[in-house]
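Asker: For reference, the file upload33.txt (compact mmCIF, C-alpha atoms) is included below:
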```txt
# COMPACT_ATOMS: atom_id res chain seq x y z
CA MET A 160 30.86 50.31 -53.18
CA ALA A 161 33.74 48.09 -54.39
CA LEU A 162 35.23 48.45 -57.89
CA ASP A 163 34.09 45.75 -60.34
CA VAL A 164 36.98 45.02 -62.73
CA GLY A 165 34.84 43.46 -65.46
CA LYS A 166 32.26 46.21 -65.38
CA LEU A 167 34.93 48.91 -65.34
CA ALA A 168 36.73 47.39 -68.33
CA THR A 169 33.47 47.21 -70.32
CA GLN A 170 32.68 50.81 -69.50
CA MET A 171 36.14 51.97 -70.56
CA LEU A 172 35.85 50.09 -73.86
CA SER A 173 32.38 51.54 -74.48
CA ALA A 174 33.84 55.02 -74.00
CA ALA A 175 36.93 54.47 -76.14
CA LEU A 176 35.73 52.37 -79.08
CA PRO A 177 33.25 54.83 -80.68
CA LEU A 178 35.96 57.50 -80.67
CA LEU A 179 38.45 55.23 -82.40
CA LYS A 180 35.87 54.29 -85.05
CA LYS A 181 34.87 57.90 -85.66
CA HIS A 182 38.46 59.03 -86.11
CA ALA A 183 39.24 56.07 -88.36
CA ALA A 184 36.37 56.99 -90.68
CA ASP A 185 37.55 60.59 -90.85
CA ALA A 186 41.14 59.56 -91.58
CA GLU A 187 40.01 57.14 -94.28
CA SER A 188 37.97 59.84 -96.01
CA PHE A 189 40.90 62.26 -95.98
CA ALA A 190 43.40 59.66 -97.18
CA LYS A 191 41.14 58.53 -100.03
CA THR A 192 40.65 62.10 -101.29
CA GLU A 193 44.33 63.02 -101.18
CA PHE A 194 45.72 59.78 -102.61
CA THR A 195 43.23 59.99 -105.48
CA LYS A 196 44.56 63.46 -106.34
CA ILE A 197 48.15 62.19 -106.18
CA ALA A 198 47.33 59.22 -108.41
CA GLN A 199 45.65 61.51 -110.96
CA THR A 200 48.69 63.77 -111.03
CA ILE A 201 51.09 60.87 -111.50
CA VAL A 202 49.03 59.72 -114.49
CA SER A 203 49.07 63.28 -115.83
CA ILE A 204 52.87 63.40 -115.58
CA GLY A 205 53.11 60.18 -117.56
CA GLU A 206 50.83 61.56 -120.25
CA GLN A 207 52.89 64.74 -120.53
CA VAL A 208 56.07 62.71 -121.06
CA ALA A 209 54.33 60.56 -123.65
CA ALA A 210 53.15 63.69 -125.45
CA SER A 211 56.68 65.19 -125.21
CA GLN A 212 55.29 68.19 -123.33
CA ILE A 213 57.90 67.65 -120.64
CA ASN A 214 61.19 65.77 -120.63
CA GLN A 215 62.24 63.01 -118.24
CA GLN A 216 64.15 65.35 -115.95
CA GLN A 217 61.08 67.57 -115.55
CA ALA A 218 58.94 64.47 -114.96
CA GLY A 219 61.36 63.32 -112.26
CA LEU A 220 61.13 66.67 -110.48
CA LEU A 221 57.33 66.65 -110.62
CA LEU A 222 57.26 63.11 -109.25
CA ASP A 223 59.55 64.21 -106.39
CA MET A 224 56.96 66.81 -105.49
CA GLN A 225 54.25 64.14 -105.47
CA THR A 226 56.40 61.95 -103.21
CA SER A 227 56.73 64.79 -100.71
CA ALA A 228 52.99 65.34 -100.89
CA SER A 229 52.40 61.64 -100.15
CA ARG A 230 54.72 61.84 -97.16
CA ASN A 231 52.75 64.76 -95.78
CA VAL A 232 49.47 62.91 -96.18
CA LEU A 233 50.92 59.95 -94.27
CA LEU A 234 52.26 62.24 -91.56
CA THR A 235 48.81 63.72 -91.10
CA LEU A 236 47.36 60.24 -90.81
CA LYS A 237 49.95 59.53 -88.12
CA GLY A 238 48.96 62.70 -86.28
CA LEU A 239 45.25 61.89 -86.55
CA ALA A 240 45.94 58.40 -85.20
CA LEU A 241 47.79 59.85 -82.20
CA LEU A 242 44.86 62.17 -81.54
CA ALA A 243 42.39 59.32 -81.80
CA VAL A 244 44.31 57.16 -79.34
CA GLU A 245 44.79 60.10 -76.99
CA GLU A 246 41.08 60.85 -76.99
CA ALA A 247 40.18 57.20 -76.49
CA ILE A 248 42.57 56.79 -73.56
CA ASN A 249 41.38 59.98 -71.89
CA ALA A 250 37.76 58.86 -72.34
CA GLY A 251 38.68 55.60 -70.63
CA LEU A 252 40.41 57.51 -67.83
CA ALA A 253 37.31 59.64 -67.37
CA VAL A 254 35.34 56.43 -66.78
CA VAL A 255 37.96 55.38 -64.20
CA LYS A 256 37.60 58.75 -62.52
CA THR A 257 33.83 58.31 -62.10
CA ALA A 258 34.21 54.77 -60.82
CA VAL A 259 36.95 55.68 -58.31
CA ASN A 260 35.07 58.71 -56.98
CA GLU A 261 31.90 56.63 -56.56
CA ALA A 262 33.82 53.83 -54.83
CA LEU A 263 35.50 56.26 -52.42
CA GLY A 264 32.34 58.25 -51.82
CA PHE A 265 33.97 61.60 -52.55
CA ALA A 266 35.52 63.36 -55.58
CA LEU A 267 39.17 62.49 -55.22
CA ILE A 268 39.79 63.05 -58.95
CA ALA A 269 38.34 66.19 -60.56
CA MET B 296 51.71 51.73 -21.94
CA GLN B 297 49.35 49.37 -23.73
CA ARG B 298 47.04 52.30 -24.50
CA THR B 299 49.93 54.34 -25.96
CA HIS B 300 50.97 51.35 -28.09
CA LEU B 301 47.41 50.99 -29.45
CA GLN B 302 47.18 54.73 -30.20
CA LEU B 303 50.48 54.53 -32.09
CA GLN B 304 49.27 51.53 -34.10
CA LYS B 305 46.04 53.32 -35.00
CA ARG B 306 47.91 56.47 -36.07
CA THR B 307 50.31 54.44 -38.24
CA SER B 308 47.40 52.63 -39.89
CA VAL B 309 45.60 55.89 -40.69
CA MET B 310 48.78 57.44 -42.09
CA ALA B 311 49.41 54.36 -44.23
CA ARG B 312 45.90 54.56 -45.68
CA ILE B 313 46.24 58.27 -46.44
CA ALA B 314 49.60 57.64 -48.10
CA ALA B 315 48.12 54.84 -50.20
CA LEU B 316 45.22 57.07 -51.30
CA VAL B 317 47.52 59.95 -52.21
CA PHE B 318 49.79 57.61 -54.15
CA ALA B 319 46.87 56.09 -56.05
CA ALA B 320 45.48 59.54 -56.86
CA LEU B 321 48.89 60.79 -58.05
CA LEU B 322 49.24 57.70 -60.21
CA LEU B 323 45.84 58.27 -61.79
CA ALA B 324 46.43 62.01 -62.23
CA SER B 325 49.73 61.40 -64.03
CA CYS B 326 48.04 58.97 -66.40
CA ALA B 327 46.31 61.75 -68.40
CA VAL B 328 47.81 61.58 -71.87
CA ARG B 329 48.82 64.08 -74.51
CA PHE B 330 50.57 62.52 -77.50
CA ILE B 331 50.68 65.51 -79.82
CA GLY B 332 51.00 69.28 -79.38
CA ASP B 333 48.28 71.92 -79.54
CA TYR B 334 46.77 73.82 -82.43
CA ASP B 335 48.92 76.74 -83.55
CA ASP B 336 47.20 79.70 -85.21
CA THR B 337 50.46 81.15 -86.55
CA ILE B 338 51.31 77.95 -88.39
CA ASP B 339 47.75 77.63 -89.67
CA LYS B 340 47.75 81.16 -91.09
CA GLY B 341 51.38 80.98 -92.21
CA VAL B 342 50.92 77.84 -94.28
CA THR B 343 47.70 79.22 -95.79
CA ASP B 344 49.53 82.39 -96.73
CA ILE B 345 52.32 80.41 -98.42
CA GLN B 346 49.77 78.47 -100.44
CA GLN B 347 48.12 81.71 -101.58
CA LYS B 348 51.45 83.05 -102.83
CA ALA B 349 52.24 79.79 -104.58
CA GLU B 350 48.81 79.71 -106.23
CA LEU B 351 49.30 83.26 -107.50
CA TYR B 352 52.76 82.50 -108.92
CA LEU B 353 51.73 79.24 -110.57
CA SER B 354 48.49 80.69 -111.93
CA LYS B 355 50.56 83.39 -113.59
CA LEU B 356 52.83 80.71 -115.10
CA GLN B 357 49.79 78.87 -116.43
CA SER B 358 48.05 81.90 -117.89
CA SER B 359 51.28 83.50 -119.17
CA PRO B 360 53.74 80.64 -119.84
CA ASN B 361 56.46 83.08 -120.86
CA THR B 362 56.57 84.59 -117.35
CA PRO B 363 60.25 84.61 -116.42
CA TYR B 364 61.72 82.84 -113.41
CA ASP B 365 61.35 85.00 -110.29
CA GLN B 366 64.02 84.48 -107.59
CA ASP B 367 62.25 86.90 -105.23
CA PHE B 368 59.27 84.54 -105.04
CA TYR B 369 61.44 81.65 -103.83
CA ASP B 370 63.40 83.85 -101.41
CA ASP B 371 60.13 85.03 -99.88
CA ILE B 372 58.70 81.51 -99.59
CA ASN B 373 61.95 80.15 -98.12
CA SER B 374 62.12 82.80 -95.43
CA ARG B 375 58.48 82.24 -94.48
CA LEU B 376 59.00 78.49 -94.26
CA ALA B 377 62.15 78.95 -92.17
CA VAL B 378 60.23 81.04 -89.66
CA LEU B 379 57.38 78.54 -89.46
CA LYS B 380 59.78 75.64 -89.05
CA SER B 381 61.59 77.44 -86.21
CA ARG B 382 58.28 78.01 -84.52
CA ALA B 383 57.16 74.41 -84.95
CA SER B 384 60.51 73.19 -83.61
CA SER B 385 60.02 75.23 -80.45
CA LEU B 386 56.53 73.87 -79.75
CA PRO B 387 56.17 70.81 -77.52
CA LYS B 388 55.24 67.49 -79.18
CA TYR B 389 55.33 68.95 -82.69
CA PRO B 390 57.77 66.71 -84.65
CA ILE B 391 55.10 65.70 -87.17
CA VAL B 392 54.43 69.29 -88.24
CA VAL B 393 58.17 70.02 -88.30
CA GLU B 394 58.63 67.14 -90.72
CA GLN B 395 55.68 68.28 -92.82
CA LEU B 396 57.14 71.77 -93.13
CA THR B 397 60.47 70.20 -94.14
CA ASN B 398 58.67 68.26 -96.90
CA LEU B 399 56.88 71.42 -98.03
CA LYS B 400 60.24 73.23 -98.23
CA SER B 401 61.57 70.31 -100.27
CA GLN B 402 58.67 70.74 -102.71
CA PHE B 403 59.48 74.41 -103.22
CA ASP B 404 63.17 73.58 -103.72
CA THR B 405 62.18 71.08 -106.41
CA LEU B 406 59.78 73.56 -107.98
CA GLN B 407 62.59 76.11 -108.05
CA LYS B 408 64.84 73.66 -109.93
CA LEU B 409 62.02 72.91 -112.36
CA ASP B 410 61.18 76.57 -112.86
CA LYS B 411 64.78 77.74 -113.25
CA GLY B 412 65.75 74.88 -115.53
CA SER B 413 62.73 74.96 -117.83
CA ALA B 414 62.71 76.90 -121.05
CA ARG B 415 59.81 79.23 -121.78
CA PRO B 416 56.97 78.80 -122.58
CA PHE B 417 56.65 76.85 -119.30
CA PRO B 418 54.53 73.67 -119.76
CA SER B 419 51.05 74.55 -118.47
CA ALA B 420 50.20 71.05 -117.25
CA ALA B 421 53.46 70.95 -115.28
CA ALA B 422 52.44 74.13 -113.47
CA THR B 423 49.09 72.50 -112.65
CA ASP B 424 50.79 69.37 -111.33
CA ALA B 425 53.19 71.39 -109.17
CA GLU B 426 50.28 73.40 -107.81
CA SER B 427 48.45 70.20 -106.95
CA ALA B 428 51.42 68.75 -105.06
CA ILE B 429 51.84 71.87 -102.95
CA ALA B 430 48.10 72.10 -102.31
CA ILE B 431 48.04 68.51 -101.03
CA SER B 432 50.87 69.23 -98.59
CA VAL B 433 49.17 72.36 -97.33
CA GLU B 434 45.85 70.54 -96.99
CA SER B 435 47.58 67.82 -95.00
CA ILE B 436 49.15 70.29 -92.58
CA LEU B 437 45.88 72.19 -92.18
CA LYS B 438 43.90 68.98 -91.70
CA LEU B 439 46.09 68.11 -88.75
CA GLU B 440 46.05 71.63 -87.32
CA LEU B 441 42.27 71.80 -87.51
CA ALA B 442 41.99 68.40 -85.82
CA LEU B 443 44.19 69.75 -83.01
CA LYS B 444 41.94 72.82 -82.83
CA ALA B 445 38.86 70.61 -82.59
CA ARG B 446 40.46 68.78 -79.67
CA GLY B 447 40.41 72.17 -77.93
CA ASN B 448 41.23 72.57 -74.28
CA ALA B 449 39.45 69.54 -72.86
CA THR B 450 41.08 68.90 -69.48
CA PRO B 451 42.09 65.34 -68.71
CA PRO B 452 41.16 64.03 -65.21
CA SER B 453 43.20 65.52 -62.38
CA LEU B 454 43.40 65.66 -58.58
CA THR B 455 40.68 67.65 -56.82
CA ARG B 456 41.99 70.97 -55.52
CA THR B 457 41.54 71.21 -51.72
CA SER B 458 41.47 75.04 -51.60
CA LYS B 459 40.98 77.94 -54.01
```
Give the structure from this file in structure tokens form.

Answerer:
Amino acid sequence: MALDVGKLATQMLSAALPLLKKHAADAESFAKTEFTKIAQTIVSIGEQVAASQINQQQAGLLLDMQTSASRNVLLTLKGLALLAVEEAINAGLAVVKTAVNEALGFALIA
Amino acid sequence: MQRTHLQLQKRTSVMARIAALVFAALLLASCAVRFIGDYDDTIDKGVTDIQQKAELYLSKLQSSPNTPYDQDFYDDINSRLAVLKSRASSLPKYPIVVEQLTNLKSQFDTLQKLDKGSARPFPSAAATDAESAIAISVESILKLELALKARGNATPPSLTRTSK
């Protein structure tokens, strides 16, 4: 049986796309939760300065900590994106494996 | 002579086909991708442990704002973070976690400046805000680690083994 390029491409996309969408939804949920917390804390810092509970230097240090927290959230999103792409590509390769083995008539790729 | 020539041609053709198949299979086998390293239990537990210590210290500051600055706390946290960062640096495809641990260390350095430089009673809301920032960093690292754990040991496609 010969390999059909169009059919193979559609099958690979069908394998990869749901994974990308699932991971995107998960990443969005995480990002929304964490950035909401950061935003709330930044507002809190402003209120403390306004109420003279902390001085500007203390506020600056607290904001630095929030900046580092934001960076870590973004780094996690980067990591999750890499995972999502990895999974999608490997799902596509698995489709290729099946198609090649069927075309050859024996399991060349495990 | 003609027969020998034909046999040679046939053998060359078969060898060429086998070579082409092997090449194609190698190409496909090497296409399996891994963009990020594996889950690490030591980093998972280590970061969780650091958060627990931070929560305890900051809770104490909130409930007893006159609690004095404690250098031992920061020395302990710094040594734990140094060990975790060394470990992360030695793991393959782990630059993201290395950077996250660097940011977490930066947060504790900043907290140390804040703690050391603040008169007592320590502002309660500031302790809460610091706690929140550290918690978010820890949650971020753990979120990624748990996603790596969920990926598990799924094996990408590879060449069939011919003998066991």

Asker: When the cut-off is 7 Å and we count only C-alpha atoms, which residues of chain A are near chain B, given as a list of chain:residue names?

Answerer: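 Only these qualify: A:Glu193, A:Thr200, A:Gln212, A:Ile213, A:Gln217, A:Leu220, A:Leu221, A:Met224, A:Gln225, A:Ser227, A:Ala228, A:Asn231, A:Val232, A:Leu234, A:Thr235, A:Gly238, A:Leu239, A:Leu241, A:Leu242, A:Glu245, A:Asn249, A:Ala253, A:Lys256, A:Ala266, A:Leu267, A:Ile268, A:Ala269.
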
Asker: What is the CA of Gln199 in chain A-CA of Leu222 in chain A distance in Å, reported with one decimal?

Answerer: 11.8 Å

Asker: Could you state the separation of CA of Asn373 in chain B and CA of Ile345 in chain B in Å, given to one decimal place?

Answerer: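 One can read the CA of Asn373 in chain B to CA of Ile345 in chain B distance as 9.6 Å.
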
Asker: What's the separation between CA of Val255 in chain A and CA of Asp333 in chain B, in Å to one decimal place?

Answerer: 24.8 Å

Asker: Residues at most 8 Å from Gly341 in chain B, counting all atoms listed in the file, excluding those fewer than 4 positions away in the same chain, as number ranges by chain?

Answerer: B: 337, 345, 375, 379
